[in-house]
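Right, one structure below, let's go through it.
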Amino acid sequence: MKMRLNREEYYNKVKGCWIGKNIGGTIGAPFEGTHDMPEIEGYTTPKGQPLPNDDLDLQLVWLNALRDVGPRGVDANVLADYWLTHITPHWGEYGICKGNMFAGLLPPLCGEYRNDWKNSNGAWIRSEIWACVCPGIPDIAVKYAIDDACIDHGRSEGTYAEIFTAVLESLAFVESDINTLIQKALDYIPETSRLARSVNIVIDGYKSGEDWKVVRNRVVEDNVHDLDWFMAPANVAFVVLGLLYGEGDFKKSMIYTVGCGDDTDCTAATCGAIMGIMSGADAIPEDWKEYIGDTIVTKCINASYIYTIDGYANIADTCTELTKRVVEMMPKVMDAFDIKAELVDGNTEYDFDVNSTIYKGYAKRAMAKSPYSFEITTSPHTGVYVEYEKAPEIKAGETFKIKAYVYNKRRDSHQVEARVLLPEGWSATYPRGFILHNQGFKKSGFWWEMDVTANENVNAVNKIDIIFDSTLNAVPVSVPLVLFG
């Protein structure tokens, strides 16, 4: 498959994304958390530079992960490692997932377990990076978005939200009608999700010609009793409201979005990014661009990771530099998924249908998996998908069941031997060995089950290691498990 992108148009859209993100975060930040409907006309902060925003900070780190590990190597576990070493905040879902990861839980389990913030806004606000390196290819953007979101949102509405925004933003590179974009993004999430329900309230209100404030209040009323403030369904709906009622006008879209209140730095930043992708940096009003300039100001990245050597900043420090790095990364990401991407002086063309699904149903299959699960994919020969029967908690004398789908990543048949390292005095029953057969190009797998029984020696955190040793490998596959006492 091949895609040819007009060089100037693609660059302009990527830069519009980051400038729009910076503008929205700066205009919205002073009103973050308000339950009222602020009336604004533009900036309320001093002229000179943008306000820092975690919405953008995490994406700078994700871009570096793509650079360091390679597009095919980046998955939820890799992003989790980068999170622990490079991202500093401990608030809300950020802090919960980090605490779970420090205890030994891998994604999506670390984003699901005892997380009252899993339906919140931390994930969808950082989806632009995946859209920008997958322009017009939403299925690949969704793969990255799910790996990203599940770290701190598990299999929840917060993850549905990043699926929605990643699809919309990716398709905004090739589609300019906002109604079409919203509908196509909705197609990737369940109709029964709270996110879809909130977005549809806005769509129906706009089509009926209702005042935007009436529609905003209906969204709030529909969410306030069970999801409350700072949650994804209502705030994504506020972005959609701004996009629809703004009717293509950048300033109006931003003012309507901030006017909805709640998580205003996040909603306005995402609205600005979407508008920037759709129309490009050149279409963003000059006075708003000039007010904050090109600088990126960070606040959530580990200071030891921000350095400059021989004039090269490890973290992109301007929208121009960030755009340059994204444009350079995009063909590498596409190549990793067998798509030849070229930047040309002629028209943008795809030799395949951008509305088709390269990985058909990926989002549906991924979100249907147990939230109490994770996958180990680092071995070149054996993959392991682990599923807990319930939340990872155990009492003295209790037996806990764990399943693992061990699958063959190569065409060669090979024998696998299993051994388990347990806390002192604990016991387990499980198959000691099995064969993964060659079934051509089809994955061959074996459902391996283990019953673990705790004795009186139950600690706050109990670690178990499963070792799968194959006749084909030099290094066994190690699967870390955690059960909380």
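Residues in the structure tokens are numbered from 1 in each chain, the chains being A, B, ... in the order shown, and ligands are numbered from 1 in the order shown.
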
Open item on the list: I'd like the neighbourhood of Asn457 in chain A as a list in words, where a residue qualifies if any of its atoms comes within 9 Å (using only C-alpha atoms), though same-chain residues fewer than 3 positions away should be ignored.
Closed with: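 Close residues of Asn457 in chain A: Ala396, Pro423, Glu424, Gly425, Trp426 and Ala454 of chain A.
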
Open item on the list: So that I can check the surroundings of Ala237 in chain A, please list as a list in words every protein, DNA and RNA residue that reaches within 9 Å of it, counting only C-alpha atoms and ignoring chain neighbours fewer than 3 positions away.
Closed with: Leu195, Ala196, Ser198, Val199, Asn200, Ile201, Val202, Arg216, Val219, Ala232, Pro233, Ala234, Val240, Leu241 and Gly242 of chain A

Take the selection from the previous step and output its residues with C-alpha atoms, as a PDB file, in the first residue's frame.
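Contents of result.pdb, freshly written:
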ATOM      1  CA  LEU A 195     -19.199   8.724  25.620  1.00  0.00           C
ATOM      2  CA  ALA A 196     -21.396   8.040  22.589  1.00  0.00           C
ATOM      3  CA  SER A 198     -23.010  12.417  25.557  1.00  0.00           C
ATOM      4  CA  VAL A 199     -21.731  13.175  22.060  1.00  0.00           C
ATOM      5  CA  ASN A 200     -25.109  12.284  20.572  1.00  0.00           C
ATOM      6  CA  ILE A 201     -26.836  14.711  22.947  1.00  0.00           C
ATOM      7  CA  VAL A 202     -24.766  17.476  21.361  1.00  0.00           C
ATOM      8  CA  ARG A 216     -24.353  22.085  27.328  1.00  0.00           C
ATOM      9  CA  VAL A 219     -24.906  17.104  28.851  1.00  0.00           C
ATOM     10  CA  ALA A 232     -14.431  12.026  29.659  1.00  0.00           C
ATOM     11  CA  PRO A 233     -18.006  11.659  28.323  1.00  0.00           C
ATOM     12  CA  ALA A 234     -19.099  15.211  29.132  1.00  0.00           C
ATOM     13  CA  VAL A 240     -17.793  18.330  19.883  1.00  0.00           C
ATOM     14  CA  LEU A 241     -20.111  21.187  20.861  1.00  0.00           C
ATOM     15  CA  GLY A 242     -17.397  23.737  20.160  1.00  0.00           C
TER      16      GLY A 242
END

Task: Nearest candidate to Phe352 in chain A (options A:Ile182, A:Lys2, A:Thr45, A:Lys252; using only C-alpha atoms) - done: A:Lys2

Please tabulate, as a Markdown table, the residues of range 110-220 of chain A that come within 12 Å of range 312-326 of chain A, each with its closest pair of atoms and the distance in Å to one decimal, counting only C-alpha atoms and ordering rows by chain, then residue number upward.
| residue | atom | partner | partner_atom | distance |
| --- | --- | --- | --- | --- |
| A:Glu128 | CA | A:Val326 | CA | 10.7 |
| A:Ile129 | CA | A:Val326 | CA | 7.9 |
| A:Trp130 | CA | A:Val326 | CA | 9.9 |
| A:Ala131 | CA | A:Val326 | CA | 10.4 |
| A:Cys132 | CA | A:Val326 | CA | 7.0 |
| A:Val133 | CA | A:Val326 | CA | 6.5 |
| A:Cys134 | CA | A:Val326 | CA | 10.2 |
| A:Pro135 | CA | A:Val326 | CA | 11.0 |

Limited to N, CA and C atoms, could you put the picked residues into a file as a PDB file, in the first residue's frame?
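In the end it all went to result09.pdb:
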ATOM      1  N   GLU A 128      -3.197  13.331  19.892  1.00  0.00           N
ATOM      2  CA  GLU A 128      -2.800  13.953  18.621  1.00  0.00           C
ATOM      3  C   GLU A 128      -1.537  13.347  18.025  1.00  0.00           C
ATOM      4  N   ILE A 129      -0.606  12.928  18.859  1.00  0.00           N
ATOM      5  CA  ILE A 129       0.642  12.382  18.335  1.00  0.00           C
ATOM      6  C   ILE A 129       0.372  11.167  17.452  1.00  0.00           C
ATOM      7  N   TRP A 130      -0.574  10.316  17.884  1.00  0.00           N
ATOM      8  CA  TRP A 130      -0.874   9.106  17.107  1.00  0.00           C
ATOM      9  C   TRP A 130      -1.563   9.470  15.792  1.00  0.00           C
ATOM     10  N   ALA A 131      -2.405  10.489  15.808  1.00  0.00           N
ATOM     11  CA  ALA A 131      -3.058  10.931  14.581  1.00  0.00           C
ATOM     12  C   ALA A 131      -2.047  11.529  13.607  1.00  0.00           C
ATOM     13  N   CYS A 132      -1.124  12.308  14.119  1.00  0.00           N
ATOM     14  CA  CYS A 132      -0.172  13.001  13.248  1.00  0.00           C
ATOM     15  C   CYS A 132       0.815  12.046  12.569  1.00  0.00           C
ATOM     16  N   VAL A 133       1.149  10.947  13.220  1.00  0.00           N
ATOM     17  CA  VAL A 133       2.049   9.981  12.574  1.00  0.00           C
ATOM     18  C   VAL A 133       1.264   8.927  11.798  1.00  0.00           C
ATOM     19  N   CYS A 134      -0.078   8.985  11.870  1.00  0.00           N
ATOM     20  CA  CYS A 134      -0.950   8.075  11.108  1.00  0.00           C
ATOM     21  C   CYS A 134      -1.993   8.900  10.364  1.00  0.00           C
ATOM     22  N   PRO A 135      -1.581   9.856   9.524  1.00  0.00           N
ATOM     23  CA  PRO A 135      -2.548  10.757   8.885  1.00  0.00           C
ATOM     24  C   PRO A 135      -3.452  10.010   7.914  1.00  0.00           C
TER      25      PRO A 135
END

Task: Exercise: Gly20 in chain A partners within 9 Å, only C-alpha atoms, chain neighbours under 6 positions left out, as a list in words - done: Ala268, Ala269, Thr270, Cys271, Gly272, Ala273, Ile274, Met275, Gly276, Ile277, Ala281, Ile284 and Lys289 of chain A

Expected file: the selected residues, all heavy atoms, as a PDB file, in the first residue's frame:
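The file below, part_37.pdb, is the result:
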ATOM      1  N   ALA A 268     -10.341  22.810  25.390  1.00  0.00           N
ATOM      2  CA  ALA A 268      -9.946  23.833  24.427  1.00  0.00           C
ATOM      3  C   ALA A 268      -8.695  23.418  23.661  1.00  0.00           C
ATOM      4  O   ALA A 268      -8.564  23.680  22.460  1.00  0.00           O
ATOM      5  CB  ALA A 268      -9.709  25.161  25.141  1.00  0.00           C
ATOM      6  N   ALA A 269      -7.755  22.754  24.340  1.00  0.00           N
ATOM      7  CA  ALA A 269      -6.533  22.307  23.672  1.00  0.00           C
ATOM      8  C   ALA A 269      -6.851  21.288  22.589  1.00  0.00           C
ATOM      9  O   ALA A 269      -6.283  21.329  21.487  1.00  0.00           O
ATOM     10  CB  ALA A 269      -5.560  21.717  24.689  1.00  0.00           C
ATOM     11  N   THR A 270      -7.760  20.360  22.873  1.00  0.00           N
ATOM     12  CA  THR A 270      -8.116  19.360  21.874  1.00  0.00           C
ATOM     13  C   THR A 270      -8.924  19.982  20.739  1.00  0.00           C
ATOM     14  O   THR A 270      -8.708  19.664  19.561  1.00  0.00           O
ATOM     15  CB  THR A 270      -8.911  18.208  22.519  1.00  0.00           C
ATOM     16  OG1 THR A 270      -8.069  17.555  23.478  1.00  0.00           O
ATOM     17  CG2 THR A 270      -9.359  17.193  21.478  1.00  0.00           C
ATOM     18  N   CYS A 271      -9.831  20.884  21.072  1.00  0.00           N
ATOM     19  CA  CYS A 271     -10.585  21.587  20.035  1.00  0.00           C
ATOM     20  C   CYS A 271      -9.642  22.352  19.116  1.00  0.00           C
ATOM     21  O   CYS A 271      -9.761  22.291  17.882  1.00  0.00           O
ATOM     22  CB  CYS A 271     -11.589  22.536  20.672  1.00  0.00           C
ATOM     23  SG  CYS A 271     -12.597  23.453  19.490  1.00  0.00           S
ATOM     24  N   GLY A 272      -8.677  23.056  19.703  1.00  0.00           N
ATOM     25  CA  GLY A 272      -7.724  23.814  18.905  1.00  0.00           C
ATOM     26  C   GLY A 272      -6.877  22.920  18.023  1.00  0.00           C
ATOM     27  O   GLY A 272      -6.583  23.260  16.869  1.00  0.00           O
ATOM     28  N   ALA A 273      -6.478  21.756  18.544  1.00  0.00           N
ATOM     29  CA  ALA A 273      -5.670  20.820  17.764  1.00  0.00           C
ATOM     30  C   ALA A 273      -6.455  20.289  16.575  1.00  0.00           C
ATOM     31  O   ALA A 273      -5.932  20.192  15.452  1.00  0.00           O
ATOM     32  CB  ALA A 273      -5.195  19.671  18.650  1.00  0.00           C
ATOM     33  N   ILE A 274      -7.710  19.934  16.796  1.00  0.00           N
ATOM     34  CA  ILE A 274      -8.548  19.408  15.706  1.00  0.00           C
ATOM     35  C   ILE A 274      -8.755  20.470  14.630  1.00  0.00           C
ATOM     36  O   ILE A 274      -8.625  20.198  13.427  1.00  0.00           O
ATOM     37  CB  ILE A 274      -9.898  18.918  16.255  1.00  0.00           C
ATOM     38  CG1 ILE A 274      -9.686  17.675  17.137  1.00  0.00           C
ATOM     39  CG2 ILE A 274     -10.858  18.589  15.109  1.00  0.00           C
ATOM     40  CD1 ILE A 274     -10.910  17.277  17.936  1.00  0.00           C
ATOM     41  N   MET A 275      -9.059  21.690  15.061  1.00  0.00           N
ATOM     42  CA  MET A 275      -9.231  22.775  14.091  1.00  0.00           C
ATOM     43  C   MET A 275      -7.934  23.021  13.322  1.00  0.00           C
ATOM     44  O   MET A 275      -7.959  23.283  12.112  1.00  0.00           O
ATOM     45  CB  MET A 275      -9.656  24.055  14.817  1.00  0.00           C
ATOM     46  CG  MET A 275     -11.042  23.998  15.450  1.00  0.00           C
ATOM     47  SD  MET A 275     -12.363  23.964  14.232  1.00  0.00           S
ATOM     48  CE  MET A 275     -12.247  25.620  13.548  1.00  0.00           C
ATOM     49  N   GLY A 276      -6.804  22.920  14.024  1.00  0.00           N
ATOM     50  CA  GLY A 276      -5.514  23.119  13.371  1.00  0.00           C
ATOM     51  C   GLY A 276      -5.216  22.061  12.334  1.00  0.00           C
ATOM     52  O   GLY A 276      -4.645  22.352  11.273  1.00  0.00           O
ATOM     53  N   ILE A 277      -5.589  20.808  12.625  1.00  0.00           N
ATOM     54  CA  ILE A 277      -5.382  19.733  11.644  1.00  0.00           C
ATOM     55  C   ILE A 277      -6.292  19.942  10.445  1.00  0.00           C
ATOM     56  O   ILE A 277      -5.872  19.827   9.283  1.00  0.00           O
ATOM     57  CB  ILE A 277      -5.641  18.352  12.278  1.00  0.00           C
ATOM     58  CG1 ILE A 277      -4.615  18.050  13.368  1.00  0.00           C
ATOM     59  CG2 ILE A 277      -5.593  17.261  11.203  1.00  0.00           C
ATOM     60  CD1 ILE A 277      -4.910  16.796  14.170  1.00  0.00           C
ATOM     61  N   ALA A 281      -2.075  25.385   9.972  1.00  0.00           N
ATOM     62  CA  ALA A 281      -1.591  26.500  10.785  1.00  0.00           C
ATOM     63  C   ALA A 281      -1.882  27.846  10.148  1.00  0.00           C
ATOM     64  O   ALA A 281      -2.132  28.837  10.834  1.00  0.00           O
ATOM     65  CB  ALA A 281      -0.084  26.353  11.026  1.00  0.00           C
ATOM     66  N   ILE A 284      -5.178  29.533  11.221  1.00  0.00           N
ATOM     67  CA  ILE A 284      -5.379  29.970  12.602  1.00  0.00           C
ATOM     68  C   ILE A 284      -5.169  31.483  12.671  1.00  0.00           C
ATOM     69  O   ILE A 284      -4.195  32.002  12.119  1.00  0.00           O
ATOM     70  CB  ILE A 284      -4.411  29.242  13.555  1.00  0.00           C
ATOM     71  CG1 ILE A 284      -4.690  27.734  13.535  1.00  0.00           C
ATOM     72  CG2 ILE A 284      -4.536  29.775  14.982  1.00  0.00           C
ATOM     73  CD1 ILE A 284      -3.704  26.909  14.363  1.00  0.00           C
ATOM     74  N   LYS A 289      -2.079  33.446  17.257  1.00  0.00           N
ATOM     75  CA  LYS A 289      -0.782  32.774  17.136  1.00  0.00           C
ATOM     76  C   LYS A 289       0.341  33.653  17.686  1.00  0.00           C
ATOM     77  O   LYS A 289       1.201  33.196  18.439  1.00  0.00           O
ATOM     78  CB  LYS A 289      -0.492  32.436  15.673  1.00  0.00           C
ATOM     79  CG  LYS A 289      -1.285  31.262  15.126  1.00  0.00           C
ATOM     80  CD  LYS A 289      -0.760  30.794  13.777  1.00  0.00           C
ATOM     81  CE  LYS A 289      -1.028  31.791  12.686  1.00  0.00           C
ATOM     82  NZ  LYS A 289      -0.680  31.253  11.347  1.00  0.00           N
TER      83      LYS A 289
END

TODO: Within 7 Å of Gly136 in chain A, counting only C-alpha atoms, which residues show up once you throw out same-chain ones fewer than 6 positions away? Write them as a PyMOL selection string, please.
DONE: chain A and resi 170-171+173-174+354

TODO: Would you list the contacts of range 116-126 of chain A as a ChimeraX atom specification, taking every protein, DNA or RNA residue within 7 Å and counting only C-alpha atoms, but skipping same-chain residues closer than 2 positions in sequence?
DONE: /A:55-56,58-59,92-93,111-112,114,128,149,152-154,156-159,161-162,165,230-232,266,270

Open item on the list: According to DSSP computed on the backbone, where in range 170-380 of chain A is there strand (DSSP E or B)? Give the residues as a PyMOL selection string.
Closed with: chain A and resi 231+262+295+301+308-309+312-313+318+340-344+349-350+373-376

Please produce a file of those selected residues containing C-alpha atoms, as a JSON list (two decimals), in the first residue's frame.
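Written output follows (out-v1.json):
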[["chain", "number", "residue", "atom", "x", "y", "z"],
["A", 231, "MET", "CA", -14.93, 12.88, 33.32],
["A", 262, "ASP", "CA", -15.24, 21.88, 33.53],
["A", 295, "THR", "CA", 7.49, 28.07, 22.34],
["A", 301, "ILE", "CA", 8.51, 15.89, 32.32],
["A", 308, "THR", "CA", 20.31, 20.03, 24.96],
["A", 309, "ILE", "CA", 23.51, 18.68, 23.40],
["A", 312, "TYR", "CA", 19.75, 19.46, 19.82],
["A", 313, "ALA", "CA", 17.00, 19.49, 22.46],
["A", 318, "THR", "CA", 8.92, 24.72, 19.89],
["A", 340, "LYS", "CA", 4.95, 3.25, 1.81],
["A", 341, "ALA", "CA", 4.54, 6.95, 2.63],
["A", 342, "GLU", "CA", 6.01, 9.68, 0.46],
["A", 343, "LEU", "CA", 5.99, 13.44, 0.82],
["A", 344, "VAL", "CA", 5.50, 14.96, -2.63],
["A", 349, "GLU", "CA", -3.29, 10.43, -2.83],
["A", 350, "TYR", "CA", -3.86, 7.04, -1.19],
["A", 373, "SER", "CA", -5.30, -8.82, 31.89],
["A", 374, "PHE", "CA", -2.01, -7.93, 30.22],
["A", 375, "GLU", "CA", 0.26, -9.21, 27.47],
["A", 376, "ILE", "CA", 3.98, -9.94, 27.14]]

- [ ] Would you mind telling me which residue in A:Ile435, A:Met450, A:Val220, A:Leu109 lies nearest to Leu472 in chain A when using only C-alpha atoms?
- [x] A:Ile435

- [ ] Kindly indicate which residue among A:Phe468, A:Phe434, A:Tyr94, A:Tyr385 lies nearest to Ala418 in chain A, using only C-alpha atoms for the distances.
- [x] A:Phe468

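Note that the spacing between CA of Arg197 in chain A and CA of Gly361 in chain A amounts to 20.9 Å.
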
Open item on the list: Would you compute the distance between CA of Ala185 in chain A and CA of Leu60 in chain A? Give it in Å to one decimal.
Closed with: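 For CA of Ala185 in chain A relative to CA of Leu60 in chain A, the distance reads 24.2 Å.
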
Open item on the list: From a backbone DSSP assignment, name each residue in range 176-363 of chain A labelled helix (DSSP H, G or I), as JSON, numbers by chain.
Closed with: {"A": [178, 179, 180, 181, 182, 183, 184, 185, 186, 194, 195, 196, 197, 198, 199, 200, 201, 202, 203, 204, 205, 206, 207, 212, 213, 214, 215, 216, 217, 218, 219, 220, 221, 222, 223, 232, 233, 234, 235, 236, 237, 238, 239, 240, 241, 242, 243, 244, 245, 246, 250, 251, 252, 253, 254, 255, 256, 257, 258, 259, 264, 265, 266, 267, 268, 269, 270, 271, 272, 273, 274, 275, 276, 277, 278, 279, 281, 282, 283, 286, 287, 288, 289, 290, 291, 292, 303, 304, 305, 319, 320, 321, 322, 323, 324, 325, 326, 327, 328, 329, 330, 331, 332, 333, 334, 335, 336, 362, 363]}

Task: Long-range neighbours of Val458 in chain A as a list of chain:residue names, 8 Å cut-off, only C-alpha atoms, 5 positions minimum in chain - done: A:Ile394, A:Lys395, A:Ala396, A:Gly485

Now that the selection is made, can you save its residues with N, CA and C atoms as a PDB file, in the first residue's frame?
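And here's out_17.pdb as it stands now:
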ATOM      1  N   ILE A 394      -5.941 -11.539  47.120  1.00  0.00           N
ATOM      2  CA  ILE A 394      -5.999 -12.888  47.673  1.00  0.00           C
ATOM      3  C   ILE A 394      -5.937 -12.841  49.199  1.00  0.00           C
ATOM      4  N   LYS A 395      -6.616 -13.775  49.846  1.00  0.00           N
ATOM      5  CA  LYS A 395      -6.592 -13.885  51.301  1.00  0.00           C
ATOM      6  C   LYS A 395      -5.863 -15.168  51.702  1.00  0.00           C
ATOM      7  N   ALA A 396      -5.451 -15.226  52.945  1.00  0.00           N
ATOM      8  CA  ALA A 396      -4.793 -16.428  53.455  1.00  0.00           C
ATOM      9  C   ALA A 396      -5.701 -17.637  53.255  1.00  0.00           C
ATOM     10  N   GLY A 485      -2.555  -8.572  49.056  1.00  0.00           N
ATOM     11  CA  GLY A 485      -3.132  -9.212  50.231  1.00  0.00           C
ATOM     12  C   GLY A 485      -4.221  -8.357  50.829  1.00  0.00           C
TER      13      GLY A 485
END

TODO: Return the single residue from A:Ser379, A:Asn347, A:Thr399, A:Asn302 that is closest to Ile87 in chain A, with distances computed using only C-alpha atoms.
DONE: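 The answer is A:Asn302, which sits nearest to Ile87 in chain A.
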
Task: Exercise: Glu39 in chain A partners within 8 Å, only C-alpha atoms, chain neighbours under 2 positions left out, as a ChimeraX atom specification - done: /A:37,41,255,259

Open item on the list: Nearest residue to Asn235 in chain A out of A:Ile163, A:Met254, A:Cys260, A:Ala474, using only C-alpha atoms?
Closed with: A:Cys260
